[in-house]
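Student: Dropping in start03.csv, with CSV, C-alpha atoms.
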chain,number,residue,atom,x,y,z
P,1,MET,CA,-33.2,-63.4,20.1
P,2,GLY,CA,-30.5,-61.7,22.1
P,3,SER,CA,-30.0,-58.0,23.0
P,4,VAL,CA,-27.7,-57.4,20.0
P,5,GLN,CA,-30.1,-58.8,17.6
P,6,ARG,CA,-33.0,-56.8,19.0
P,7,LEU,CA,-31.1,-53.6,18.9
P,8,SER,CA,-30.0,-54.5,15.4
P,9,VAL,CA,-33.7,-54.0,14.4
P,10,ALA,CA,-33.4,-50.4,15.6
P,11,ALA,CA,-30.1,-49.9,13.8
P,12,GLY,CA,-31.7,-51.2,10.6
P,13,LEU,CA,-34.5,-48.6,10.9
P,14,VAL,CA,-31.8,-45.9,11.1
P,15,LEU,CA,-30.1,-47.2,8.0
P,16,ILE,CA,-33.4,-47.3,6.1
P,17,ALA,CA,-34.1,-43.7,7.2
P,18,ALA,CA,-30.7,-42.6,5.9
P,19,ALA,CA,-31.3,-44.5,2.6
P,20,LEU,CA,-34.7,-42.8,2.2
P,21,SER,CA,-33.1,-39.4,2.7
P,22,ALA,CA,-30.4,-40.1,0.1
P,23,VAL,CA,-33.0,-41.3,-2.5
P,24,ALA,CA,-35.4,-38.4,-1.8
P,25,ALA,CA,-32.8,-35.6,-1.7
P,26,PRO,CA,-32.7,-34.8,-5.4
P,27,SER,CA,-36.4,-34.3,-5.5
P,28,LEU,CA,-36.8,-32.2,-2.4
P,29,PRO,CA,-37.1,-28.4,-2.3
P,30,GLU,CA,-34.2,-26.2,-1.0
P,31,ARG,CA,-36.3,-25.5,2.1
P,32,VAL,CA,-37.9,-28.5,3.6
P,33,VAL,CA,-41.0,-28.2,5.8
P,34,THR,CA,-40.3,-29.7,9.2
P,35,ASN,CA,-42.8,-28.2,11.6
P,36,TRP,CA,-46.6,-28.0,11.6
P,37,ASP,CA,-49.1,-26.4,13.9
P,38,ALA,CA,-52.0,-28.1,15.7
P,39,ALA,CA,-54.3,-27.5,12.7
P,40,GLY,CA,-51.8,-29.2,10.3
P,41,ARG,CA,-50.5,-26.0,8.7
P,42,PRO,CA,-46.8,-25.9,7.9
P,43,GLY,CA,-45.0,-23.7,10.5
P,44,GLY,CA,-41.3,-23.9,9.8
P,45,THR,CA,-38.6,-25.1,7.4
P,46,LEU,CA,-35.0,-26.2,7.4
P,47,PRO,CA,-32.4,-26.2,4.7
P,48,ARG,CA,-32.6,-29.5,2.7
P,49,ALA,CA,-29.4,-31.0,3.9
P,50,ALA,CA,-30.2,-30.3,7.6
P,51,ALA,CA,-33.7,-31.6,7.3
P,52,ILE,CA,-32.9,-34.9,5.6
P,53,TRP,CA,-29.9,-35.9,7.8
P,54,LEU,CA,-30.9,-34.5,11.2
P,55,SER,CA,-33.5,-37.2,11.9
P,56,PRO,CA,-31.3,-40.2,11.0
P,57,ALA,CA,-28.5,-38.6,13.1
P,58,ILE,CA,-30.8,-38.2,16.1
P,59,MET,CA,-32.1,-41.8,15.6
P,60,ALA,CA,-28.5,-43.2,15.5
P,61,GLY,CA,-27.4,-41.2,18.5
P,62,LEU,CA,-30.5,-42.3,20.5
P,63,VAL,CA,-30.0,-46.0,19.7
P,64,LEU,CA,-26.3,-45.8,20.7
P,65,LEU,CA,-27.2,-43.9,24.0
P,66,LEU,CA,-29.9,-46.3,25.0
P,67,ALA,CA,-27.8,-49.3,24.1
P,68,ALA,CA,-25.1,-47.9,26.5
P,69,LEU,CA,-27.3,-46.8,29.4
P,70,PRO,CA,-27.9,-50.3,31.0
P,71,ARG,CA,-24.1,-50.6,31.5
P,72,LEU,CA,-24.0,-47.3,33.3
P,73,ASP,CA,-27.0,-47.9,35.6
P,74,PRO,CA,-26.0,-48.6,39.2
P,75,LEU,CA,-29.0,-51.0,39.2
P,76,ARG,CA,-27.9,-52.8,36.0
P,77,GLU,CA,-28.9,-56.2,37.4
P,78,ASN,CA,-32.5,-55.0,37.6
P,79,VAL,CA,-32.3,-53.8,33.9
P,80,ALA,CA,-30.9,-57.2,33.0
P,81,ALA,CA,-34.1,-58.8,34.4
P,82,PHE,CA,-36.3,-57.0,31.9
P,83,ARG,CA,-33.7,-56.5,29.1
P,84,PRO,CA,-35.9,-57.8,26.3
P,85,THR,CA,-38.7,-55.3,27.3
P,86,TYR,CA,-36.1,-52.5,27.4
P,87,ASP,CA,-34.7,-53.4,23.9
P,88,TRP,CA,-38.1,-53.6,22.3
P,89,PHE,CA,-38.9,-50.2,23.8
P,90,VAL,CA,-35.7,-48.9,22.0
P,91,VAL,CA,-37.0,-50.4,18.8
P,92,ALA,CA,-40.5,-48.9,19.3
P,93,LEU,CA,-39.0,-45.4,19.9
P,94,THR,CA,-36.8,-45.7,16.9
P,95,ALA,CA,-39.8,-46.8,14.8
P,96,PHE,CA,-41.8,-43.7,15.9
P,97,LEU,CA,-38.9,-41.4,14.9
P,98,PHE,CA,-38.7,-43.3,11.6
P,99,VAL,CA,-42.4,-42.7,10.9
P,100,VAL,CA,-42.0,-39.0,11.6
P,101,HIS,CA,-39.0,-38.8,9.3
P,102,ALA,CA,-40.7,-40.7,6.5
P,103,GLY,CA,-43.7,-38.5,6.9
P,104,ILE,CA,-41.6,-35.3,6.5
P,105,LEU,CA,-40.0,-36.7,3.3
P,106,ALA,CA,-43.3,-37.8,1.8
P,107,TYR,CA,-45.0,-34.4,2.6
P,108,ASN,CA,-42.2,-32.5,1.0
P,109,LEU,CA,-42.3,-34.8,-2.1
P,110,GLY,CA,-45.8,-33.6,-2.7
P,111,TYR,CA,-48.0,-36.2,-1.0
P,112,GLU,CA,-51.1,-34.8,0.6
P,113,PHE,CA,-52.0,-36.0,4.0
P,114,PRO,CA,-52.8,-34.6,7.5
P,115,PHE,CA,-49.3,-34.7,8.9
P,116,THR,CA,-50.3,-33.5,12.4
P,117,SER,CA,-52.9,-36.3,12.7
P,118,VAL,CA,-50.3,-38.9,11.6
P,119,VAL,CA,-47.9,-37.7,14.3
P,120,VAL,CA,-50.6,-37.6,17.0
P,121,ALA,CA,-51.6,-41.1,16.1
P,122,ALA,CA,-48.0,-42.3,16.2
P,123,VAL,CA,-47.3,-40.6,19.5
P,124,SER,CA,-50.5,-42.1,21.0
P,125,LEU,CA,-49.5,-45.6,19.9
P,126,LEU,CA,-46.1,-45.0,21.5
P,127,VAL,CA,-47.8,-43.8,24.7
P,128,TYR,CA,-50.0,-46.9,24.8
P,129,TYR,CA,-46.9,-49.1,24.3
P,130,VAL,CA,-45.2,-47.4,27.2
P,131,GLY,CA,-48.2,-48.2,29.3
P,132,ALA,CA,-48.0,-51.8,28.2
P,133,VAL,CA,-44.4,-52.2,29.2
P,134,LEU,CA,-44.2,-50.1,32.4
P,135,PRO,CA,-45.5,-52.9,34.7
P,136,ARG,CA,-42.7,-55.1,33.4
P,137,THR,CA,-39.9,-52.8,34.3
P,138,GLU,CA,-37.7,-53.1,37.5
P,139,ARG,CA,-36.3,-50.3,39.5
P,140,ASN,CA,-33.6,-48.5,37.6
P,141,TRP,CA,-32.2,-45.0,37.1
P,142,PHE,CA,-33.0,-44.4,33.4
P,143,VAL,CA,-36.4,-45.8,32.3
P,144,GLY,CA,-39.8,-45.8,33.9
P,145,ILE,CA,-41.6,-43.4,36.4
P,146,ARG,CA,-38.5,-42.2,38.2
P,147,THR,CA,-39.4,-40.1,41.3
P,148,PRO,CA,-37.4,-40.0,44.6
P,149,TRP,CA,-40.0,-42.3,46.1
P,150,THR,CA,-40.1,-45.0,43.4
P,151,LEU,CA,-36.3,-45.0,43.3
P,152,SER,CA,-36.2,-45.6,47.0
P,153,SER,CA,-38.5,-48.6,47.2
P,154,ASP,CA,-39.2,-51.7,45.1
P,155,ALA,CA,-42.7,-51.8,46.5
P,156,VAL,CA,-43.4,-48.2,45.6
P,157,TRP,CA,-41.9,-48.7,42.1
P,158,ASP,CA,-44.1,-51.7,41.5
P,159,ARG,CA,-47.3,-50.2,42.6
P,160,THR,CA,-46.7,-46.9,40.8
P,161,HIS,CA,-45.8,-48.7,37.6
P,162,ARG,CA,-48.9,-50.9,37.8
P,163,LEU,CA,-51.1,-47.8,38.0
P,164,GLY,CA,-49.0,-45.9,35.5
P,165,GLY,CA,-49.3,-48.7,33.0
P,166,ARG,CA,-53.1,-48.5,33.1
P,167,LEU,CA,-53.2,-44.7,32.9
P,168,PHE,CA,-50.7,-44.4,30.1
P,169,ARG,CA,-52.6,-47.0,28.1
P,170,LEU,CA,-55.7,-44.9,28.7
P,171,ALA,CA,-53.9,-41.7,27.6
P,172,GLY,CA,-52.8,-43.5,24.4
P,173,LEU,CA,-56.4,-44.4,23.7
P,174,VAL,CA,-57.6,-40.8,24.4
P,175,GLY,CA,-54.9,-39.6,21.9
P,176,LEU,CA,-56.0,-42.0,19.2
P,177,ALA,CA,-59.7,-41.0,19.7
P,178,GLY,CA,-58.6,-37.3,19.6
P,179,VAL,CA,-57.5,-37.7,16.0
P,180,ALA,CA,-61.2,-37.4,15.1
P,181,PHE,CA,-61.3,-33.9,16.6
P,182,GLY,CA,-58.8,-32.3,14.2
P,183,GLU,CA,-56.6,-29.5,15.7
P,184,TYR,CA,-57.8,-30.4,19.2
P,185,ALA,CA,-56.1,-33.8,19.0
P,186,VAL,CA,-52.8,-32.4,20.0
P,187,TYR,CA,-54.2,-30.7,23.1
P,188,LEU,CA,-56.1,-33.8,24.2
P,189,LEU,CA,-53.0,-35.9,23.9
P,190,VAL,CA,-50.7,-33.4,25.7
P,191,VAL,CA,-53.3,-32.9,28.5
P,192,SER,CA,-53.8,-36.6,29.0
P,193,VAL,CA,-50.0,-37.4,29.2
P,194,VAL,CA,-49.2,-34.5,31.5
P,195,THR,CA,-52.1,-35.5,33.8
P,196,VAL,CA,-50.9,-39.1,33.9
P,197,ALA,CA,-47.4,-37.9,34.7
P,198,LEU,CA,-48.6,-35.7,37.6
P,199,VAL,CA,-51.0,-38.3,39.0
P,200,THR,CA,-48.4,-41.1,39.0
P,201,ALA,CA,-45.8,-38.8,40.6
P,202,ALA,CA,-48.2,-37.8,43.3
P,203,TYR,CA,-49.3,-41.4,43.8
P,204,SER,CA,-45.7,-42.6,44.3
P,205,TYR,CA,-45.3,-40.0,47.1
P,206,VAL,CA,-48.5,-41.1,48.8
P,207,VAL,CA,-47.6,-44.8,48.7
P,208,TYR,CA,-44.1,-44.1,50.0
P,209,ALA,CA,-45.4,-41.8,52.8
P,210,ARG,CA,-48.0,-44.4,53.9
P,211,SER,CA,-45.5,-47.2,53.8
P,212,GLU,CA,-43.1,-45.2,55.9
P,213,ARG,CA,-45.9,-44.7,58.5
P,214,GLY,CA,-46.4,-48.5,58.5
P,215,ASP,CA,-49.9,-48.8,57.1
P,216,GLY,CA,-48.8,-50.7,53.9
P,217,GLY,CA,-49.3,-47.9,51.4
P,218,SER,CA,-52.7,-49.4,50.4
P,219,VAL,CA,-54.2,-46.6,48.3
P,220,GLY,CA,-56.0,-46.6,45.0
P,221,PRO,CA,-56.1,-49.0,42.1
P,222,GLY,CA,-52.5,-49.9,42.4
P,223,SER,CA,-52.7,-51.2,46.0
P,224,GLU,CA,-52.9,-54.8,45.3
P,225,THR,CA,-49.9,-56.9,46.3
Since I need it in another form, could you write the structure as structure tokens?
Tutor:
Amino acid sequence: MGSVQRLSVAAGLVLIAAALSAVAAPSLPERVVTNWDAAGRPGGTLPRAAAIWLSPAIMAGLVLLLAALPRLDPLRENVAAFRPTYDWFVVALTAFLFVVHAGILAYNLGYEFPFTSVVVAAVSLLVYYVGAVLPRTERNWFVGIRTPWTLSSDAVWDRTHRLGGRLFRLAGLVGLAGVAFGEYAVYLLVVSVVTVALVTAAYSYVVYARSERGDGGSVGPGSET
């Protein structure tokens, strides 16, 4: 399966999302609930037309943007080396947005379910997937853990992404487990992801600084060669 075919899967999800909007539109209220608080209580609405077409439009724009980015990357040869992984990430991200969109439509059509818990679970799965693919990425300007230090060194990029892969998978599992804690699930997920982002950024600096001093940058669980 080539890149066009893989991205066609994402494009198909966009078309299905638009079709769902068209089918659901006559049965939706004039104001559609689009925001919920951490406890799952509705917290904001949009006019029906904006609510049902905004998500498909965002999905379409995102797919087009992400399809174009590899051609714009100065390190496009590196992106080509992991292009299948990149394309499936685009599909996974589009699928996440599709789930959110379908959930909004279902909720406003009268189906009762804990919307916030569904979103937290979906985000957690996406975070876990990010952790699974990070170690397979090569140095580039648009995807991955992009700090000044990872972008300056293939070795720092590789070590940081090996550690980041483990930690993001752990954060995804924490988020999934957090669904059992009701309104605290959102906070558990956010704290986990922010902590991982800060740790990996700091780790990339430490590895880079030690490699510049000539001691091989051998720190922590990502120090294997």
Student: As an exercise, work out the distance from atom CA of P:Pro74 to atom CA of P:Leu151 in Å and give it to one decimal place.
Tutor: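 Interatomic distance here is 11.7 Å.
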Student: How many Å lie between atom CA of P:Ala24 and atom CA of P:Ala92, rounded to one decimal?
Tutor: 24.1 Å
Student: Please, what distance in Å, to one decimal, runs between atom CA of P:Gly40 and atom CA of P:Glu183?
Tutor: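 Separation between atom CA of P:Gly40 and atom CA of P:Glu183: 7.2 Å.
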Student: Neighbouring residues of P:Ala185 were defined as those with any atom within 10 Å, considering all atoms listed in the file; residues of the same chain fewer than 6 positions away were excluded. Please report them as a ChimeraX atom specification.
Tutor: /P:38-39,116-117,120-121,174-179,191
Student: Determine, counting all atoms listed in the file, which protein, DNA and RNA residues have an atom within 12 Å of an atom of P:Pro26; residues of the same chain fewer than 5 positions away are not included. Present the result as a list in words.
Tutor: Leu20, Ser21, Arg48, Ala49, Ile52, Leu105, Asn108 and Leu109 of chain P
